[in-house]
Amino acid sequence: MGTFFSEPGWLCLTVTAVLGGTILCKLKTSPGQVGRKVVCLAGLWGGACLISLSLFWGLVLFSLSYFVMYTYFSGQELLPVDQKAVLITGCDSGFGHGLAKYLDELGFTVFAGVLDEQGSGAEELRRTCSKHLSVLQLNITNTQEIQEAYSKVKEKVQNKGLWAVINNAGVLGLPTDGELIPMTEYKRCMAVNFFGAVEVTKAFLPLLRKSKGRLVNISSMAGGVPMQKMAAYGSSKAALIMFSSILRQELSKWGVKVSVIQPGGFKTNISGTSQMWETLERTVLDNLSPEVQEDYGQDYILSERSLLRLMKTCTDPDISPVLLDVRHAISAQSPFAFYAPGKLSYPWLCFASFSPTGIFDYLSRKIYNYDKKMPRVLSTSNWENEAM
């Protein structure tokens, strides 16, 4: 109790209160969840000061915290929009559709790439957005369409340049055990989620280098957190994260800043429709060898659809945290390299990175209840005896 009521204790409480008030004021105008780490920093600083034994160390910690806070906030001011041009892929629905509308409302010149320029998503963008938004036919697995989109964008922006490329287009596939996923699905996930984003990036980088702009890649929490049933999807998103991290270093000399968004569980159309699920299930069954199909059993394979239903019911329909973080990534003077919008996404990413694998695997099984339904062979009573 003596330390708490001592001179350093009162000083630390006062400074922590001032820092906390400053943070809260800043957070009212800061997009997304960019202040989360700073709030943690202030809390840690206050706790460390309260247990410090002298005024000297309290002042040292205060000086260090003040420097870090000043550095953090000095780079969080948003640049003026000034009709900066941005390209977004995958705008038919989901994050891309929401981003196109949101950035158009903010005054950006938006090039919305869609898989089907005659589809309902494209028509809605034309109907509801301003004249500064252009819908582009852009299948990111089609080299010709990428080149045609590049020519249209370059012609329209001319000397103004392209400020940002947001690689958002992606596919999920059918979540199931990695052994059961057909190679066609692995290749499809890599083609869209990784190679497509890489090809779009390479095509538009000359325009980004000219403007010293921003490259934002929408990955996933599954790219940093090992999640069962997501072998194809998670691997492709992990590859995108590594690609982005390397480009972040290589493009810094050109003045181009690179950010990765790793959203948690948000409700979008990436999980597909019931008809798509049935097609994927049939594809899985048709590509299994008799031995594998016998071991797993058709009931187990078809039960995987329950995970897709869970994704639709337990995910967050409010995608505004993703929109705000993308806005920060393309507008802040000093954007972050990584963003993790969504409930518990940042703690999960940290836990997966730093916890012992045994503890992570155990908690992951318990939380997501992956062992509730077992393959046919494992559910038989004599399996363990046969294995021995």
# chains A, B, ... in the order shown; residues from 1 in each chain; ligands from 1
$ residues_around --residues "Val165 (chain A)" --least-positions-apart "2" --cutoff "8 Å" --atoms "only C-alpha atoms" --output "PyMOL selection string"
chain A and resi 86-88+162-163+167+201+204+208+214-216
$ residues_around --residues "region 323-335 of chain A" --least-positions-apart "5" --cutoff "8 Å" --atoms "only C-alpha atoms" --output "PDB file with N, CA and C atoms, in the first residue's frame"
ATOM      1  N   PRO A  31     -10.245   5.233 -37.386  1.00  0.00           N
ATOM      2  CA  PRO A  31     -11.045   4.170 -37.968  1.00  0.00           C
ATOM      3  C   PRO A  31     -10.630   2.804 -37.475  1.00  0.00           C
ATOM      4  N   GLY A  32     -11.585   1.877 -37.521  1.00  0.00           N
ATOM      5  CA  GLY A  32     -11.274   0.489 -37.218  1.00  0.00           C
ATOM      6  C   GLY A  32     -10.851   0.277 -35.780  1.00  0.00           C
ATOM      7  N   GLN A  33      -9.978  -0.680 -35.585  1.00  0.00           N
ATOM      8  CA  GLN A  33      -9.543  -1.060 -34.247  1.00  0.00           C
ATOM      9  C   GLN A  33      -8.078  -0.731 -34.049  1.00  0.00           C
ATOM     10  N   VAL A  34      -7.628   0.377 -34.654  1.00  0.00           N
ATOM     11  CA  VAL A  34      -6.198   0.669 -34.660  1.00  0.00           C
ATOM     12  C   VAL A  34      -5.674   1.096 -33.299  1.00  0.00           C
ATOM     13  N   GLY A  75       1.492   9.250 -36.991  1.00  0.00           N
ATOM     14  CA  GLY A  75       1.275   8.608 -38.282  1.00  0.00           C
ATOM     15  C   GLY A  75      -0.157   8.208 -38.549  1.00  0.00           C
ATOM     16  N   GLN A  76      -1.079   8.585 -37.644  1.00  0.00           N
ATOM     17  CA  GLN A  76      -2.463   8.140 -37.788  1.00  0.00           C
ATOM     18  C   GLN A  76      -3.376   9.169 -38.441  1.00  0.00           C
ATOM     19  N   GLU A  77      -2.860  10.328 -38.746  1.00  0.00           N
ATOM     20  CA  GLU A  77      -3.671  11.318 -39.449  1.00  0.00           C
ATOM     21  C   GLU A  77      -3.997  10.807 -40.842  1.00  0.00           C
ATOM     22  N   LEU A  78      -5.246  10.979 -41.258  1.00  0.00           N
ATOM     23  CA  LEU A  78      -5.678  10.494 -42.558  1.00  0.00           C
ATOM     24  C   LEU A  78      -5.396  11.517 -43.646  1.00  0.00           C
ATOM     25  N   LEU A  79      -4.877  11.049 -44.748  1.00  0.00           N
ATOM     26  CA  LEU A  79      -4.619  11.918 -45.889  1.00  0.00           C
ATOM     27  C   LEU A  79      -5.936  12.322 -46.531  1.00  0.00           C
ATOM     28  N   PRO A  80      -5.984  13.479 -47.193  1.00  0.00           N
ATOM     29  CA  PRO A  80      -7.222  13.884 -47.870  1.00  0.00           C
ATOM     30  C   PRO A  80      -7.575  12.910 -48.993  1.00  0.00           C
ATOM     31  N   VAL A  81      -8.864  12.676 -49.182  1.00  0.00           N
ATOM     32  CA  VAL A  81      -9.317  11.750 -50.225  1.00  0.00           C
ATOM     33  C   VAL A  81      -9.007  12.300 -51.607  1.00  0.00           C
ATOM     34  N   PHE A  95     -17.207  -8.270 -48.843  1.00  0.00           N
ATOM     35  CA  PHE A  95     -16.329  -7.161 -48.502  1.00  0.00           C
ATOM     36  C   PHE A  95     -16.126  -6.220 -49.683  1.00  0.00           C
ATOM     37  N   GLY A  98     -19.176  -4.040 -50.333  1.00  0.00           N
ATOM     38  CA  GLY A  98     -19.287  -3.024 -49.290  1.00  0.00           C
ATOM     39  C   GLY A  98     -18.203  -1.971 -49.391  1.00  0.00           C
ATOM     40  N   LEU A  99     -16.984  -2.386 -49.709  1.00  0.00           N
ATOM     41  CA  LEU A  99     -15.877  -1.434 -49.858  1.00  0.00           C
ATOM     42  C   LEU A  99     -16.111  -0.470 -51.009  1.00  0.00           C
ATOM     43  N   TYR A 102     -18.617   2.070 -49.843  1.00  0.00           N
ATOM     44  CA  TYR A 102     -18.079   2.895 -48.762  1.00  0.00           C
ATOM     45  C   TYR A 102     -17.048   3.900 -49.276  1.00  0.00           C
ATOM     46  N   LEU A 103     -16.111   3.437 -50.082  1.00  0.00           N
ATOM     47  CA  LEU A 103     -15.074   4.345 -50.588  1.00  0.00           C
ATOM     48  C   LEU A 103     -15.649   5.339 -51.593  1.00  0.00           C
ATOM     49  N   ALA A 164      -4.449   3.120 -54.971  1.00  0.00           N
ATOM     50  CA  ALA A 164      -4.478   1.880 -54.184  1.00  0.00           C
ATOM     51  C   ALA A 164      -5.058   0.718 -54.985  1.00  0.00           C
ATOM     52  N   GLY A 213       1.690   4.749 -53.900  1.00  0.00           N
ATOM     53  CA  GLY A 213       0.405   4.465 -53.282  1.00  0.00           C
ATOM     54  C   GLY A 213       0.399   3.298 -52.321  1.00  0.00           C
ATOM     55  N   ARG A 214      -0.720   2.580 -52.305  1.00  0.00           N
ATOM     56  CA  ARG A 214      -0.948   1.536 -51.311  1.00  0.00           C
ATOM     57  C   ARG A 214      -1.384   0.232 -51.981  1.00  0.00           C
ATOM     58  N   LEU A 215      -0.886  -0.862 -51.437  1.00  0.00           N
ATOM     59  CA  LEU A 215      -1.325  -2.197 -51.823  1.00  0.00           C
ATOM     60  C   LEU A 215      -1.927  -2.848 -50.585  1.00  0.00           C
ATOM     61  N   VAL A 216      -3.191  -3.233 -50.674  1.00  0.00           N
ATOM     62  CA  VAL A 216      -3.895  -3.845 -49.548  1.00  0.00           C
ATOM     63  C   VAL A 216      -4.407  -5.214 -49.978  1.00  0.00           C
ATOM     64  N   LYS A 257       3.339   1.485 -49.784  1.00  0.00           N
ATOM     65  CA  LYS A 257       3.098   0.828 -48.500  1.00  0.00           C
ATOM     66  C   LYS A 257       2.142  -0.348 -48.697  1.00  0.00           C
ATOM     67  N   SER A 259      -0.198  -3.442 -46.903  1.00  0.00           N
ATOM     68  CA  SER A 259      -0.904  -3.878 -45.693  1.00  0.00           C
ATOM     69  C   SER A 259      -1.673  -5.160 -45.964  1.00  0.00           C
ATOM     70  N   ILE A 261      -4.980  -7.406 -44.463  1.00  0.00           N
ATOM     71  CA  ILE A 261      -6.160  -7.443 -43.604  1.00  0.00           C
ATOM     72  C   ILE A 261      -6.474  -8.914 -43.327  1.00  0.00           C
ATOM     73  N   PRO A 341      -9.409  -7.194 -38.070  1.00  0.00           N
ATOM     74  CA  PRO A 341     -10.765  -6.815 -37.655  1.00  0.00           C
ATOM     75  C   PRO A 341     -11.590  -8.042 -37.295  1.00  0.00           C
TER      76      PRO A 341
END
$ atom_distance --atom1 "CA of Gly96 (chain A)" --atom2 "CA of Arg282 (chain A)"
29.2 Å
$ select_by_dssp --residues "region 235-336 of chain A" --states "helix (DSSP H, G or I)" --output "VMD selection string"
chain A and resid 235 to 254 269 to 271 274 to 286 290 to 296 298 to 303 305 to 314 320 to 331
